[in-house]
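See below for data29.cif, which holds mmCIF, C-alpha atoms.
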data_run
loop_
_atom_site.label_atom_id
_atom_site.label_comp_id
_atom_site.auth_asym_id
_atom_site.auth_seq_id
_atom_site.Cartn_x
_atom_site.Cartn_y
_atom_site.Cartn_z
CA MET A 1 58.26 73.88 98.97
CA GLN A 2 59.68 73.98 102.50
CA GLY A 3 62.77 71.99 103.38
CA LEU A 4 65.58 70.97 101.11
CA THR A 5 65.25 70.05 97.45
CA THR A 6 67.83 69.37 94.79
CA HIS A 7 67.26 69.58 91.08
CA ASN A 8 69.29 67.58 88.58
CA LEU A 9 72.26 67.69 90.93
CA ALA A 10 75.57 66.32 89.62
CA CYS A 11 79.01 65.99 91.16
CA VAL A 12 82.25 65.47 89.27
CA ARG A 13 85.47 64.51 91.01
CA GLY A 14 88.68 64.33 89.01
CA GLU A 15 86.77 64.23 85.69
CA ARG A 16 84.75 61.24 86.93
CA ALA A 17 81.02 61.73 87.45
CA VAL A 18 80.19 60.56 90.98
CA PHE A 19 76.47 61.04 90.52
CA ALA A 20 74.25 62.94 88.11
CA GLY A 21 70.64 63.93 87.64
CA LEU A 22 69.90 63.65 91.33
CA ASP A 23 66.52 64.95 92.52
CA LEU A 24 66.00 64.88 96.25
CA ALA A 25 63.34 66.39 98.47
CA VAL A 26 63.26 66.41 102.26
CA LYS A 27 60.45 68.14 104.14
CA PRO A 28 60.89 69.75 107.56
CA GLY A 29 60.44 67.16 110.29
CA ARG A 30 61.65 64.36 108.06
CA ALA A 31 64.93 62.53 107.77
CA MET A 32 66.45 61.15 104.59
CA LEU A 33 68.49 57.97 104.86
CA LEU A 34 71.03 57.71 102.06
CA SER A 35 72.07 54.24 101.05
CA GLY A 36 74.41 52.98 98.39
CA SER A 37 77.49 50.85 98.05
CA ASN A 38 80.99 52.11 98.84
CA GLY A 39 82.01 54.81 96.39
CA SER A 40 78.46 55.46 95.24
CA GLY A 41 78.80 59.10 96.29
CA LYS A 42 77.00 59.35 99.63
CA SER A 43 79.81 61.33 101.20
CA SER A 44 80.23 63.47 98.09
CA LEU A 45 76.51 64.24 98.09
CA LEU A 46 76.62 65.33 101.72
CA ARG A 47 79.67 67.47 101.01
CA VAL A 48 77.92 69.08 98.05
CA LEU A 49 74.84 69.73 100.18
CA ALA A 50 77.03 71.30 102.89
CA GLY A 51 78.73 73.53 100.33
CA LEU A 52 82.13 71.90 100.79
CA LEU A 53 82.14 70.65 97.21
CA PRO A 54 80.80 72.58 94.24
CA ALA A 55 77.96 71.01 92.28
CA ALA A 56 78.92 70.36 88.66
CA HIS A 57 75.30 70.75 87.54
CA GLY A 58 71.94 71.52 89.04
CA HIS A 59 71.11 73.45 92.15
CA ILE A 60 70.12 73.01 95.78
CA ASP A 61 67.09 74.87 97.13
CA TRP A 62 66.15 75.62 100.71
CA ALA A 63 62.52 76.67 101.11
CA GLY A 64 62.41 77.33 97.38
CA GLU A 65 65.47 79.61 97.30
CA ASP A 66 68.73 78.58 95.66
CA VAL A 67 71.29 78.22 98.46
CA ALA A 68 74.03 79.54 96.15
CA ASP A 69 72.32 82.96 96.37
CA ASP A 70 73.15 83.26 100.05
CA PRO A 71 75.96 80.88 101.04
CA ASP A 72 76.39 82.48 104.47
CA ALA A 73 72.79 81.75 105.42
CA HIS A 74 73.21 78.18 104.20
CA ARG A 75 76.32 77.71 106.36
CA ALA A 76 74.49 79.12 109.37
CA ARG A 77 71.68 76.60 108.98
CA THR A 78 73.92 73.59 108.37
CA ALA A 79 75.54 71.20 110.83
CA TYR A 80 77.93 68.77 109.16
CA VAL A 81 79.37 65.63 110.72
CA GLY A 82 81.99 64.01 108.50
CA HIS A 83 84.03 60.81 108.76
CA ALA A 84 86.73 62.27 110.97
CA ASP A 85 86.28 63.58 114.50
CA PRO A 86 87.63 67.14 114.55
CA LEU A 87 89.08 66.98 118.05
CA LYS A 88 92.51 68.25 119.02
CA PRO A 89 94.36 65.59 121.03
CA SER A 90 95.84 68.04 123.53
CA LEU A 91 92.54 69.80 124.33
CA THR A 92 90.01 68.28 126.69
CA ALA A 93 86.63 67.09 125.44
CA SER A 94 84.89 70.18 126.82
CA GLU A 95 87.52 72.56 125.41
CA ASN A 96 87.13 71.00 121.98
CA LEU A 97 83.36 71.30 122.16
CA GLU A 98 83.43 74.83 123.46
CA PHE A 99 85.71 75.92 120.60
CA TRP A 100 83.32 74.61 117.96
CA GLY A 101 80.27 75.98 119.75
CA ARG A 102 81.67 79.49 120.00
CA LEU A 103 83.08 79.39 116.48
CA TYR A 104 79.56 78.84 115.23
CA GLY A 105 78.22 81.69 117.33
CA LEU A 106 76.25 79.42 119.66
CA GLU A 107 76.10 79.56 123.44
CA PRO A 108 77.78 76.28 124.19
CA GLU A 109 76.26 74.47 127.14
CA VAL A 110 79.05 71.96 127.09
CA GLU A 111 78.07 70.12 130.27
CA ALA A 112 74.54 69.49 129.10
CA ALA A 113 75.67 68.37 125.68
CA LEU A 114 78.21 65.90 127.08
CA CYS A 115 75.58 64.70 129.55
CA GLN A 116 73.17 64.05 126.71
CA PHE A 117 75.66 61.65 125.16
CA SER A 118 76.47 60.25 128.64
CA ILE A 119 80.11 61.25 128.61
CA ALA A 120 79.95 64.00 131.24
CA GLY A 121 82.70 62.16 133.12
CA LEU A 122 85.09 62.69 130.22
CA ALA A 123 84.75 66.49 130.13
CA ASP A 124 88.26 67.13 131.48
CA VAL A 125 90.00 64.27 129.70
CA PRO A 126 92.32 65.29 126.84
CA ALA A 127 90.97 63.96 123.56
CA ARG A 128 94.10 61.89 122.96
CA TYR A 129 93.04 59.51 125.75
CA LEU A 130 89.56 58.94 124.32
CA SER A 131 88.62 55.80 122.42
CA ALA A 132 87.26 56.03 118.87
CA GLY A 133 83.67 55.66 120.09
CA GLN A 134 84.13 58.26 122.81
CA LYS A 135 85.60 60.70 120.28
CA ARG A 136 82.60 60.14 118.07
CA ARG A 137 80.29 60.86 121.01
CA VAL A 138 82.13 64.13 121.70
CA ASN A 139 81.87 65.02 118.01
CA LEU A 140 78.13 64.26 117.99
CA SER A 141 77.69 66.39 121.13
CA ARG A 142 78.15 69.34 118.75
CA LEU A 143 74.65 68.52 117.50
CA ALA A 144 73.30 68.73 121.04
CA ILE A 145 74.91 72.14 121.49
CA GLY A 146 73.23 73.39 118.33
CA GLN A 147 69.95 71.87 119.45
CA ASN A 148 70.04 73.63 122.82
CA SER A 149 70.83 77.02 121.28
CA ARG A 150 68.21 79.38 119.98
CA ASN A 151 69.91 79.90 116.61
CA GLY A 152 71.09 76.32 116.15
CA PRO A 153 71.36 74.75 112.70
CA VAL A 154 68.20 73.34 111.08
CA LEU A 155 69.82 71.15 108.47
CA TRP A 156 71.85 68.22 109.79
CA LEU A 157 74.12 66.42 107.34
CA LEU A 158 75.48 63.29 109.00
CA ASP A 159 77.96 61.06 107.20
CA GLU A 160 77.73 57.59 108.75
CA PRO A 161 77.31 59.07 112.23
CA ALA A 162 76.91 55.73 113.99
CA THR A 163 80.40 54.48 113.05
CA GLY A 164 82.17 53.21 116.15
CA LEU A 165 79.19 53.77 118.47
CA ASP A 166 77.90 51.13 120.86
CA PRO A 167 74.15 50.30 120.81
CA GLY A 168 73.46 52.63 123.73
CA ALA A 169 75.06 55.56 121.94
CA VAL A 170 73.18 54.75 118.74
CA SER A 171 69.92 55.03 120.69
CA ILE A 172 71.00 58.38 122.10
CA LEU A 173 71.90 59.56 118.60
CA ALA A 174 68.57 58.37 117.22
CA HIS A 175 66.76 60.12 120.08
CA THR A 176 68.70 63.33 119.37
CA ILE A 177 67.84 63.17 115.68
CA LEU A 178 64.16 62.47 116.43
CA THR A 179 64.01 65.48 118.78
CA HIS A 180 65.56 67.55 116.02
CA LEU A 181 62.93 66.32 113.57
CA SER A 182 60.10 67.06 115.99
CA ASN A 183 61.38 70.68 116.06
CA GLU A 184 60.79 70.85 112.29
CA GLY A 185 64.46 70.17 111.59
CA VAL A 186 65.81 68.30 108.58
CA ALA A 187 68.37 65.50 108.75
CA ILE A 188 70.12 63.75 105.90
CA VAL A 189 71.98 60.69 107.10
CA SER A 190 74.14 58.30 105.15
CA SER A 191 74.27 54.78 106.47
CA HIS A 192 74.70 51.14 105.60
CA GLY A 193 71.54 50.12 107.34
CA GLY A 194 71.58 48.97 110.93
CA ARG A 195 70.10 50.01 114.21
CA LEU A 196 70.05 53.74 113.55
CA ASP A 197 67.92 53.22 110.43
CA GLU A 198 65.49 51.04 112.39
CA LEU A 199 65.15 53.61 115.16
CA LEU A 200 64.48 56.41 112.66
CA GLU A 201 61.98 54.34 110.70
CA GLY A 202 58.64 56.08 110.45
CA LYS A 203 60.23 59.52 110.38
CA ALA A 204 62.58 58.76 107.54
CA ASP A 205 62.50 58.35 103.78
CA HIS A 206 64.99 56.21 101.94
CA PHE A 207 67.08 57.23 99.01
CA SER A 208 69.44 54.95 97.16
CA ILE A 209 72.17 56.73 95.24
CA SER A 210 73.60 53.86 93.26
CA ALA A 211 70.21 53.19 91.64
CA ARG A 212 70.06 56.73 90.23
CA GLY A 213 73.70 57.51 89.72
CA SER A 214 74.68 54.65 87.45
CA MET B 1 87.74 90.09 114.56
CA ILE B 2 86.10 87.95 117.24
CA GLY B 3 86.68 84.93 115.03
CA PHE B 4 90.32 85.93 114.55
CA MET B 5 90.93 86.12 118.29
CA HIS B 6 89.02 82.89 118.87
CA ILE B 7 91.18 80.94 116.43
CA LEU B 8 94.39 82.65 117.56
CA ARG B 9 93.68 81.74 121.18
CA ARG B 10 93.04 78.13 120.21
CA GLU B 11 96.26 77.96 118.17
CA LEU B 12 98.34 79.41 121.00
CA ARG B 13 96.80 77.01 123.47
CA LEU B 14 97.53 74.09 121.14
CA ALA B 15 101.12 75.30 120.72
CA TRP B 16 101.51 75.64 124.48
CA ARG B 17 100.11 72.17 125.16
CA GLY B 18 101.93 70.68 122.19
CA GLY B 19 105.18 71.86 123.70
CA THR B 20 108.16 70.82 121.65
CA ASP B 21 107.27 71.95 118.10
CA ALA B 22 108.03 75.62 118.58
CA VAL B 23 111.07 74.93 120.75
CA ILE B 24 112.51 72.65 118.08
CA ALA B 25 112.60 75.52 115.57
CA VAL B 26 114.55 77.73 117.98
CA VAL B 27 116.94 74.97 119.01
CA PHE B 28 117.57 74.26 115.33
CA PHE B 29 118.14 77.99 114.73
CA VAL B 30 120.75 78.30 117.47
CA LEU B 31 122.41 74.98 116.77
CA ALA B 32 122.74 75.48 113.01
CA ALA B 33 124.11 78.99 113.49
CA ILE B 34 126.69 77.67 115.95
CA LEU B 35 127.83 75.03 113.42
CA PHE B 36 129.04 77.56 110.84
CA PRO B 37 132.12 78.84 112.74
CA PHE B 38 133.28 75.22 113.09
CA GLY B 39 133.18 74.91 109.32
CA VAL B 40 134.48 78.26 108.12
CA GLY B 41 136.93 79.01 110.93
CA THR B 42 136.85 81.59 113.68
CA ASP B 43 138.79 84.47 112.09
CA PRO B 44 137.43 87.42 114.12
CA GLY B 45 137.58 89.67 111.06
CA MET B 46 135.51 87.32 108.94
CA LEU B 47 132.70 86.30 111.33
CA PRO B 48 131.05 89.75 111.56
CA ARG B 49 131.11 89.97 107.76
CA ILE B 50 129.27 86.69 107.19
CA GLY B 51 127.30 86.60 110.47
CA GLY B 52 124.27 88.61 109.37
CA GLY B 53 123.74 86.52 106.25
CA ILE B 54 124.16 83.23 108.10
CA ILE B 55 121.74 84.18 110.86
CA TRP B 56 119.14 85.14 108.28
CA VAL B 57 119.58 81.98 106.18
CA VAL B 58 119.27 79.80 109.27
CA ALA B 59 116.21 81.79 110.41
CA LEU B 60 114.50 81.05 107.06
CA LEU B 61 115.17 77.34 107.44
CA ALA B 62 114.04 77.32 111.08
CA ALA B 63 110.78 79.07 110.20
CA MET B 64 110.18 76.41 107.53
CA LEU B 65 110.35 73.59 110.08
CA SER B 66 107.03 74.30 111.75
CA LEU B 67 105.23 75.55 108.63
CA GLU B 68 104.16 72.15 107.42
CA ARG B 69 101.91 71.61 110.42
CA MET B 70 100.14 74.98 110.08
CA PHE B 71 97.05 73.49 108.43
CA ALA B 72 97.94 69.79 108.23
CA GLY B 73 96.37 68.81 111.57
CA ASP B 74 93.12 70.57 110.77
CA TYR B 75 93.09 69.04 107.31
CA GLU B 76 93.57 65.50 108.57
CA ASP B 77 90.98 65.52 111.36
CA GLY B 78 88.24 67.31 109.41
CA SER B 79 88.54 70.53 111.40
CA LEU B 80 89.26 72.44 108.20
CA ASP B 81 85.83 71.50 106.83
CA LEU B 82 84.15 72.83 109.95
CA LEU B 83 86.27 75.97 110.00
CA TYR B 84 85.24 76.57 106.39
CA LEU B 85 81.56 76.01 107.23
CA SER B 86 81.68 78.55 110.07
CA SER B 87 80.89 82.19 109.48
CA ILE B 88 84.58 83.10 109.63
CA PRO B 89 86.14 83.81 106.23
CA LEU B 90 89.08 81.61 105.20
CA GLY B 91 91.21 84.75 104.86
CA THR B 92 90.70 85.50 108.55
CA LEU B 93 91.60 81.91 109.36
CA ALA B 94 94.80 82.24 107.28
CA LEU B 95 95.71 85.47 109.04
CA ALA B 96 95.08 83.98 112.49
CA LYS B 97 97.17 80.91 111.63
CA ALA B 98 100.03 83.07 110.35
CA ALA B 99 99.83 85.25 113.47
CA ALA B 100 99.98 82.16 115.67
CA HIS B 101 102.93 80.81 113.69
CA TRP B 102 104.76 84.11 114.09
CA LEU B 103 104.06 84.30 117.81
CA THR B 104 105.25 80.75 118.41
CA THR B 105 108.21 80.75 115.99
CA GLY B 106 109.11 84.22 114.70
CA VAL B 107 109.14 85.88 118.09
CA LEU B 108 111.35 83.15 119.56
CA LEU B 109 113.79 83.53 116.63
CA LEU B 110 113.73 87.28 117.18
CA VAL B 111 114.56 86.91 120.86
CA SER B 112 117.38 84.43 120.35
CA ALA B 113 118.96 86.26 117.38
CA PRO B 114 120.90 88.83 119.50
CA VAL B 115 122.60 85.97 121.35
CA LEU B 116 123.80 84.58 118.03
CA ALA B 117 124.88 88.08 117.00
CA LEU B 118 127.21 88.17 120.01
CA LEU B 119 128.52 84.77 118.99
CA TYR B 120 129.41 86.17 115.57
CA ASN B 121 131.04 89.21 117.15
CA LEU B 122 128.63 91.61 115.41
CA PRO B 123 129.07 95.26 116.51
CA GLY B 124 126.32 96.88 118.56
CA GLU B 125 124.71 98.79 115.69
CA ALA B 126 124.50 95.60 113.66
CA ILE B 127 122.61 93.88 116.48
CA GLY B 128 120.05 96.66 116.33
CA ALA B 129 119.80 96.22 112.56
CA LEU B 130 119.44 92.44 112.96
CA VAL B 131 116.59 92.80 115.43
CA ALA B 132 114.86 95.49 113.35
CA SER B 133 115.16 93.50 110.12
CA MET B 134 113.92 90.33 111.80
CA LEU B 135 111.04 92.20 113.38
CA LEU B 136 109.90 93.21 109.89
CA GLY B 137 110.99 90.03 108.11
CA THR B 138 109.81 87.14 110.27
CA PRO B 139 106.09 87.99 109.95
CA VAL B 140 106.58 87.85 106.17
CA LEU B 141 108.01 84.35 106.57
CA SER B 142 104.87 83.23 108.44
CA LEU B 143 102.45 84.93 106.05
CA VAL B 144 104.08 83.73 102.82
CA GLY B 145 104.77 80.34 104.38
CA GLY B 146 101.04 79.95 104.99
CA ILE B 147 100.45 79.95 101.23
CA GLY B 148 102.87 77.06 100.83
CA ALA B 149 101.43 75.20 103.79
CA ALA B 150 97.94 75.45 102.28
CA LEU B 151 99.09 74.54 98.76
CA THR B 152 100.86 71.37 99.89
CA LEU B 153 97.91 70.02 101.92
CA GLY B 154 97.23 66.45 100.94
CA ALA B 155 100.45 66.14 98.93
CA ARG B 156 102.79 63.26 99.52
CA ARG B 157 106.10 64.43 100.98
CA GLY B 158 104.48 67.80 101.49
CA GLY B 159 107.37 69.05 103.60
CA VAL B 160 109.90 68.79 100.78
CA LEU B 161 107.48 70.29 98.29
CA LEU B 162 106.80 73.11 100.73
CA ALA B 163 110.51 73.95 100.91
CA LEU B 164 110.81 73.98 97.12
CA LEU B 165 107.79 76.25 96.80
CA ILE B 166 108.50 78.67 99.59
CA LEU B 167 112.28 79.10 99.81
CA PRO B 168 112.47 81.00 96.48
CA LEU B 169 109.79 83.36 97.77
CA TYR B 170 111.89 84.02 100.87
CA ILE B 171 114.86 85.27 98.82
CA PRO B 172 113.84 88.97 98.78
CA VAL B 173 113.50 88.97 102.57
CA LEU B 174 116.92 87.33 102.86
CA ILE B 175 118.58 89.83 100.50
CA PHE B 176 117.29 92.92 102.26
CA GLY B 177 117.62 91.48 105.76
CA ALA B 178 121.24 90.48 105.27
CA SER B 179 121.99 93.73 103.46
CA ALA B 180 120.63 95.78 106.37
CA ILE B 181 123.00 94.01 108.77
CA ASP B 182 125.95 94.33 106.34
CA GLY B 183 125.20 98.02 106.00
CA ALA B 184 125.16 98.48 109.77
CA VAL B 185 128.48 96.62 110.13
CA ALA B 186 130.03 98.89 107.50
CA GLY B 187 128.52 101.98 109.16
CA ARG B 188 126.17 102.86 106.27
CA PRO B 189 122.57 104.05 106.80
CA ILE B 190 120.10 101.16 106.56
CA GLY B 191 116.80 103.06 106.42
CA SER B 192 116.11 102.10 102.82
CA GLN B 193 116.51 98.35 103.43
CA LEU B 194 114.18 98.48 106.42
CA MET B 195 111.64 100.46 104.44
CA VAL B 196 111.67 97.90 101.64
CA MET B 197 111.17 95.16 104.23
CA GLY B 198 108.31 97.13 105.72
CA GLY B 199 106.86 97.22 102.22
CA PHE B 200 107.21 93.44 101.93
CA LEU B 201 105.38 93.06 105.23
CA LEU B 202 102.49 95.28 104.14
CA ALA B 203 102.22 93.52 100.80
CA ALA B 204 102.29 90.10 102.50
CA LEU B 205 99.65 91.20 105.02
CA ALA B 206 97.36 92.26 102.19
CA LEU B 207 97.96 89.44 99.71
CA ALA B 208 99.09 86.32 101.57
CA PRO B 209 95.84 85.62 103.51
CA TRP B 210 93.91 85.97 100.29
CA ALA B 211 96.19 83.56 98.42
CA THR B 212 96.21 81.15 101.38
CA ALA B 213 92.40 81.20 101.45
CA ALA B 214 92.27 80.29 97.75
CA ALA B 215 94.69 77.40 98.34
CA LEU B 216 92.64 76.19 101.34
CA ARG B 217 89.49 76.26 99.25
CA GLN B 218 91.22 73.97 96.77
CA ALA B 219 92.33 71.63 99.54
CA ILE B 220 88.80 71.36 100.95
CA GLU B 221 87.44 70.33 97.55
#

Transcribe the structure of this file into structure tokens.
Amino acid sequence: MQGLTTHNLACVRGERAVFAGLDLAVKPGRAMLLSGSNGSGKSSLLRVLAGLLPAAHGHIDWAGEDVADDPDAHRARTAYVGHADPLKPSLTASENLEFWGRLYGLEPEVEAALCQFSIAGLADVPARYLSAGQKRRVNLSRLAIGQNSRNGPVLWLLDEPATGLDPGAVSILAHTILTHLSNEGVAIVSSHGGRLDELLEGKADHFSISARGS
Amino acid sequence: MIGFMHILRRELRLAWRGGTDAVIAVVFFVLAAILFPFGVGTDPGMLPRIGGGIIWVVALLAAMLSLERMFAGDYEDGSLDLLYLSSIPLGTLALAKAAAHWLTTGVLLLVSAPVLALLYNLPGEAIGALVASMLLGTPVLSLVGGIGAALTLGARRGGVLLALLILPLYIPVLIFGASAIDGAVAGRPIGSQLMVMGGFLLAALALAPWATAAALRQAIE
């Protein structure tokens, strides 16, 4: 099957099972909204899917192929947004973005990406002067850079991406994700409900971790 | 290689914008070396005998100062995750970080060492030996230090732990570095010491990035 599937996936952290026996399937053009209480393993699942954490059991397939067979290809197709905003305080917003874009072998159109998240005016502001929400917008602009590049990532793993965003920015984020889905992309988003979930409704499936994991 | 240059350029830019960190190591180096004559006296016969050893010991400690931050910033703000997910191997990242550390700390120590040598009344040949031994030795400090910096990521009081882990590993560099300067003061040939230090450098270049990468992998998990 196309898209991402997991089979009997389990994650163990410090001898404690975070989740086990997890079967997940996301088709191209669909989003998966992960829900679950704090500590239910949403972040761990996204880290396992990104390849940052090893899976204790089970395997992850992309288009029917085990991703462990070709980790480099899996990295190339994955865009991961974690809890923290990986911005260096002394670099400007555009310098930060450009570094990440080039590191991932993309052609960073920094201006356009910042414009998309309506922070073009902050391009030359060092990241230390940005508010939490503005930092998050810069971080999310990485997605726009990937989207505007030919070889951008197909699989988006977003860990509570709407944290700290105002309603306007949440709409922009939702619009960006929907565009990604309409290009046959896949997005897996952890959230606690809210406006982002509503805006993605119709394109998204729901998956509750706590129900399976316990 | 492109990835190496890309990360190195970013690190140098961060060091340049960050300003004081690198300068602090050099100021500490000069200041601590100046303190010793106040403690042990200024007998002109004694200072050249102990000068080489003191300069090397203080250089080890100064290099330690900025090690802790080598990966800590990237670890805390999630950059390390993204660096790991890029196509650049962690070993290349480790090498680029060590190179940046050397350029921002080791080179400054190297440049200021001859001034301290004059302060300790070292003869001309010994100054040459000091510079040559530091040229070979300070990159080893950065490379081996990277292992410690990666191992102590996420540890409480990581700086102290880092010193306990890394200082013993610096002892061989100290022994041969100080011995090269002693030899030059006494008028003996110092080729063998420098060759051993060259060997340390090659071994560190080959092994340290690999060990650092393994430690980083652990930290990411």

Exercise. Expanded to explicit residues, what is the PyMOL selection byres ((chain B) within 12 of (chain A)) for this file, as a PyMOL selection string?
Worked result: chain B and resi 1-19+73-89+93+216-221

Discussion item. Tell me which residues come within 10 Å of (68.2, 58.9, 122.5), as a list in words, counting all atoms listed in the file in the file's coordinates.
Written reply: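 Residues lying no farther than 10 Å from the given point: Gln116, Phe117, Gly168, Ala169, Val170, Ser171, Ile172, Leu173, Ala174, His175, Thr176, Ile177, Leu178, Thr179 and Leu199 of chain A.
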
Selected residues written out, C-alpha atoms, as a tab-separated table (two decimals), in the coordinates of the input:
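Done, and the output landed in result.tsv:
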chain	number	residue	atom	x	y	z
A	116	GLN	CA	73.17	64.05	126.71
A	117	PHE	CA	75.66	61.65	125.16
A	168	GLY	CA	73.46	52.63	123.73
A	169	ALA	CA	75.06	55.56	121.94
A	170	VAL	CA	73.18	54.75	118.74
A	171	SER	CA	69.92	55.03	120.69
A	172	ILE	CA	71.00	58.38	122.10
A	173	LEU	CA	71.90	59.56	118.60
A	174	ALA	CA	68.57	58.37	117.22
A	175	HIS	CA	66.76	60.12	120.08
A	176	THR	CA	68.70	63.33	119.37
A	177	ILE	CA	67.84	63.17	115.68
A	178	LEU	CA	64.16	62.47	116.43
A	179	THR	CA	64.01	65.48	118.78
A	199	LEU	CA	65.15	53.61	115.16

- Query: What's the 9 Å shell around B:Met64, counting only C-alpha atoms, without same-chain residues fewer than 5 positions away, as a ChimeraX atom specification?
  - Reply: /B:25,59,141-142,145,159,162-163,166-167

note - atom CA of B:Ile171 and atom CA of B:Arg156 are separated by 25.1 Å

Selection dump of the PyMOL selection byres ((chain A and resi 106) around 10), as number ranges by chain: A: 98, 100-105, 107-109, 145-153

Keeping C-alpha atoms for every residue in the selection just given, could you write it to a file as a CSV table (one decimal), keeping the file's coordinate frame?
chain,number,residue,atom,x,y,z
A,98,GLU,CA,83.4,74.8,123.5
A,100,TRP,CA,83.3,74.6,118.0
A,101,GLY,CA,80.3,76.0,119.8
A,102,ARG,CA,81.7,79.5,120.0
A,103,LEU,CA,83.1,79.4,116.5
A,104,TYR,CA,79.6,78.8,115.2
A,105,GLY,CA,78.2,81.7,117.3
A,107,GLU,CA,76.1,79.6,123.4
A,108,PRO,CA,77.8,76.3,124.2
A,109,GLU,CA,76.3,74.5,127.1
A,145,ILE,CA,74.9,72.1,121.5
A,146,GLY,CA,73.2,73.4,118.3
A,147,GLN,CA,70.0,71.9,119.4
A,148,ASN,CA,70.0,73.6,122.8
A,149,SER,CA,70.8,77.0,121.3
A,150,ARG,CA,68.2,79.4,120.0
A,151,ASN,CA,69.9,79.9,116.6
A,152,GLY,CA,71.1,76.3,116.2
A,153,PRO,CA,71.4,74.8,112.7

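Atom to atom, atom CA of B:Ile175 and atom CA of B:Met197 stand 9.9 Å apart.
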
- request: Write out as a ChimeraX atom specification each polymer residue whose atoms come within 8 Å of B:Ile190, counting all atoms listed in the file; drop sequence neighbours fewer than 4 positions from it.
  value: /B:129,180,183-184,194

>> With the PyMOL selection byres ((chain B and resi 100-117) around 8) as the selection, what would be picked from this file? Answer as a VMD selection string, please.
In response: chain B and resid 8 11 to 12 15 22 25 to 26 29 to 30 33 to 34 51 to 52 55 59 63 66 to 67 70 96 to 99 118 to 122 127 130 to 131 134 to 135 138 to 139 142

**Prompt:** If you measure from atom CA of A:Phe19 to atom CA of A:Leu157, what distance in Å do you get, rounded to one decimal?
**Reply:**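 Atom-to-atom, atom CA of A:Phe19 to atom CA of A:Leu157, that is 17.8 Å.
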
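Proximity of A:Gly164, A:Pro28, A:Gly193, A:Gly14 to A:Ala63, computed with all atoms listed in the file, is greatest for A:Pro28.
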
Find the residue from B:Gly41, B:Gly187, B:Gly137, B:Pro123 that sits nearest to B:Ala203; use all atoms listed in the file when measuring.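 Nearest to B:Ala203: B:Gly137.
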
Subject >> Closest of A:Asp166, A:His57, A:Met32, A:Arg16 to A:Ala187 - atom-to-atom distances counting all atoms listed in the file >> reply: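 Looking at the shortest contact to A:Ala187, the residue is A:Met32.
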